[in-house]
Amino acid sequence: MRKITLKHKPPEGLARQLAEDLNPSQREAAAAPDGYNLILAGPGSGKTRVITYRVAWLIGRGVPAESILLVTFTRRASREMVGRLGGLVGNEAGRVWAGTFHHVGNRLLRRSARELGFEPNFTILDGEDQTDLLRLAMDDGGLASKNKLAPKPSQVQHLISFALNTRKSLEEAVAETAGDLVEWTAEIQQVAEAYAARKLASNCMDYDDLLVLWLKLLNEHPARLAEQGKMFRHILVDEMQDTNALQIEVVEKLAAAGAGNLTAVGDDAQSIYRFRGADYDNILKFPDRHPGSRIFRLDVNYRSTPQIVALTQASIACNQTGFPKSLVSTRPDGLKPVVVAVADVYEEAALVCQEILETRDRGVPLSEMAVLYRNHYDSVVLQGELLARNIPYNVRSGIRFFEQAHVKDVLAFLRVVLNPRDEASWRRLLLLLPGIGPAKAGAVYQKLASSGDPFSAVAAAGTMAAVPPKSRGLFAAFVNDLNLIRATDPENRPAAAIQAVLAGGYPATIRQRYDKPENRLKDVEQFAVLAAKYESLERLVADLMLAGDLYGVDASGGEDPTDLLVLSSVHQAKGLEWSHVFVIRLVDDGFPNRRAVDEPGGEEEERRIFYVAVSRAKNELMLSYPSTISRGGYGPTVFSTPSRFITEVDPELYERAELEHDFEVLEIEAKPGDGDDERPTK
């Protein structure tokens with residue numbers, strides 16, 4: 001039989017672009033030979049460019065675009081890479097299988113759904129749908145009891161997801177992440193089984209199923225494994241350090257079933273998502289799992305000044321595990337990072353705000369500045385200061401502090417003390433009590449509103465009669481809490497009033513109603529710290545309400561509504577960069593996080609979080625820590641220790657700044673006639 005060879009030309013200009021647009025280490029990685037390759041990409045080293053050019057290079061040498069699988073962690077990253085790829089290879093970019101793990105899993109499962117008991121038109125559940133279905137499964141599994149200690153749906157959902165993504169049993173997941181729920185393990189297992197059965201019966205999948213069932217298809221249907229192995233001649237995985245056990249098993253199984261071409265790209269020093277199930281060993285032990293694999297290093301940093309890169313390099317070198325780093329900056333010399341010790345969190349907030357305003361006055365947009373922190377509650381006092389100074393900001397680490405439900409609850413306690421006829425606040429507080437719904441809350445409020453003194457009426461027998469019998473004990477405790485709050489002289493000591501809220505029954509309410517209760521309680525403690533600045537409850541409440549922050553209205557302060565300062569936890573800042581970065585609350589009990597340090601490998605992961613934080617800065621970096629810490633406004637104030645991540649690096653790598661205070665002299669203007677020599681007579 002005669003053979004005819006169809007010739008393909010690489011996209012015009014691609015060879016020139018590969019030569020001109022990449023540095024030598026980038027070019028070597030992009031043109032890596034077939035097989036197993038690990039590309040270690042330091043911060044600001046052009047990782048996205050290398051991945052894009054790697055795909056273009058494969059297409060240029062004749063690999064069909066539709067046989068390339070490019071897996072990313074965000075849709076934004078996928079869109080950006082495909083967009084860049086289009087500039088290199090034209091329409092071929094759209095034929096690449098590019099997307100998140102879940103996106104790719106969804107496409108493939110549509111083809112083989114029936115082999116798993118589903119129909120191809122299965123529905124993907126969103127977060128709210130998952131919760132609703134899980135509540136029904138909790139009824140099925142016997143977890144719908146009135147026992148207040150029983151796990152909440154959000155906890156059960158997290159445990160099921162964590163077990164699936166880490167490839168651990170539910171028993172192991174409960175023991176590892178929720179030791180206080182061990183006695184409920186059997187019931188949680190029953191709920192998981194009931195939840196899976198309900199999804200199958202309703203032809204629905206949740207996000208975890210898109211990977212779990214993808215792997216099940218590969219494991220239990222050899223023909224599908226062979227088919228997909230043949231489909232994907234080359235597999236590329238972005239952010240390899242963030243993959244979990246489930247994800248890595250899928251891609252490595254596919255690669256092994258196919259041509260054995262797997263390129264993993266990432267930075268082991270930016271592995272910071274263990275709490276989500278990410279496995280550091282996925283990138284660290286890649287060479288061990290694939291003997292003969294090649295390692296390529298991208299150590300040229302295009303983002304940060306040499307001074308910032310030097311601090312970054314020195315910090316991560318303190319870790320005992322990880323691949324060696326040799327980061328080099330291409331930028332001109334800049335200022336050394338600045339380390340500032342401040343008296344307390346109030347002075348830290350004032351300093352950061354002043355620096356932000358002065359930097360803006362020098363022509364740097366607010367959107368080119370970011371304040372980073374280890375824990376979301378570390379931003380509370382700063383958010384209060386930003387509001388007071390009318391500096392517009394956006395929070396990446398969650399919703400703005402004063403918009404959170406538990407903070408609004410506490411504010412409702414304060415508002416009814418300040419204004420006993422505040423219907424909205426009374427209703428909010430009454431609805432927190434089990435057994436009281438909107439109708440009963442309205443009936444109780446009418447009793448209060450019709451009296452001359454709502455606080456006297458709330459403890460009256462007539463009001464108690466309007467409360468459902470099963471809720472009267474909790475209502476009596478609620479009335480007692482209100483009396484304790486009022487006894488603190490809240491009008492003059494708002495921080496003490498918040499402490500009284502924490503000392504009453506509200507913490508139990510948080511634990512019963514909300515997820516992550518300990519973090520929420522720390523938020524309330526920090527609210528008390530902020531309130532300690534105020535000598536008037538009326539002024540505190542007015543400042544918060546008039547700022548518009550409770551209703552999601554950004555504080556004004558700039559002509560451009562898009563020019564907002566960024567506040568973010570370090571975890572939410574990964575992959576981003578700003579001209580000026582401020583890292584706050586660098587004390588050894590907070591950054592590193594105390595609980596994380598006590599876990600195996602915890603200190604090294606905390607140092608990697610610090611590495612991510614400081615490597616976000618392009619031009620200037622300020623690190624600050626308060627010398628004293630208060631745990632709740634009027635609570636005990638203790639001396640703090642600077643973070644080990646500051647003290648362990650060579651002090652020559654940063655500049656110490658001494659904080660001085662400059663008080664403007666108050667001058668009273670003289671009124672006409674004040675210069676006369678006449679003196680009043682007695």
# chains A, B, ... in the order shown; residues from 1 in each chain; ligands from 1
>>> residues_around(residues="Glu652 in chain A", least_positions_apart="2", cutoff="12 Å", atoms="only C-alpha atoms", output="PyMOL selection string")
chain A and resi 307+310-311+314+336-339+646-650+654-656
>>> write_last_selection(atoms="C-alpha atoms", output="CSV table (one decimal), in the first residue's frame")
chain,number,residue,atom,x,y,z
A,307,GLN,CA,16.1,43.9,47.4
A,310,ALA,CA,16.9,38.8,48.3
A,311,LEU,CA,14.5,38.9,51.3
A,314,ALA,CA,16.6,34.3,52.4
A,336,LYS,CA,15.1,47.7,50.9
A,337,PRO,CA,12.0,46.2,52.5
A,338,VAL,CA,11.1,48.2,55.6
A,339,VAL,CA,10.4,46.6,59.0
A,646,ILE,CA,11.5,38.6,60.3
A,647,THR,CA,14.1,37.7,63.0
A,648,GLU,CA,15.6,34.7,61.2
A,649,VAL,CA,16.8,36.5,58.1
A,650,ASP,CA,19.9,38.7,57.9
A,654,TYR,CA,15.8,45.0,55.3
A,655,GLU,CA,15.7,48.5,56.8
A,656,ARG,CA,14.5,49.2,60.3
>>> residues_around(residues="Gly590 in chain A", least_positions_apart="3", cutoff="9 Å", atoms="only C-alpha atoms", output="ChimeraX atom specification")
/A:374-375,378,585-587,593-594,643
>>> write_last_selection(atoms="N, CA and C atoms", output="tab-separated table (two decimals), in the first residue's frame")
chain	number	residue	atom	x	y	z
A	374	ARG	N	-2.30	37.26	57.58
A	374	ARG	CA	-2.41	35.80	57.69
A	374	ARG	C	-3.85	35.38	57.97
A	375	ASN	N	-4.55	36.13	58.82
A	375	ASN	CA	-5.91	35.78	59.24
A	375	ASN	C	-6.85	36.93	58.92
A	378	ASP	N	-7.42	39.74	61.34
A	378	ASP	CA	-6.33	40.71	61.56
A	378	ASP	C	-6.58	42.03	60.84
A	585	ARG	N	0.58	42.68	61.09
A	585	ARG	CA	0.36	41.77	62.22
A	585	ARG	C	1.36	40.61	62.22
A	586	LEU	N	2.63	40.94	61.96
A	586	LEU	CA	3.69	39.93	61.91
A	586	LEU	C	4.22	39.65	63.31
A	587	VAL	N	3.39	39.01	64.12
A	587	VAL	CA	3.78	38.59	65.46
A	587	VAL	C	3.84	37.07	65.50
A	593	ASN	N	0.82	31.15	62.19
A	593	ASN	CA	-0.37	30.80	62.96
A	593	ASN	C	0.00	29.76	64.01
A	594	ARG	N	-0.40	30.01	65.25
A	594	ARG	CA	0.02	29.16	66.37
A	594	ARG	C	-0.44	27.72	66.19
A	643	SER	N	7.55	38.20	64.51
A	643	SER	CA	7.50	36.93	63.79
A	643	SER	C	8.91	36.40	63.54
>>> atom_distance(atom1="CA of Glu669 in chain A", atom2="CA of Arg389 in chain A")
26.4 Å
>>> closest_residue(among="A:Arg2, A:His221, A:Lys470, A:Arg421", to="Ser450 in chain A", atoms="only C-alpha atoms")
A:Arg421
>>> closest_residue(among="A:Ile308, A:Val395, A:Lys533, A:Gly258", to="Leu621 in chain A", atoms="only C-alpha atoms")
A:Ile308
>>> select_by_dssp(residues="range 313-550 of chain A", states="alpha helix (DSSP H)", output="VMD selection string")
chain A and resid 313 to 316 345 to 361 380 to 388 405 to 418 423 to 430 438 to 449 454 to 458 461 to 465 472 to 486 494 to 503 506 to 513 517 to 531 537 to 546
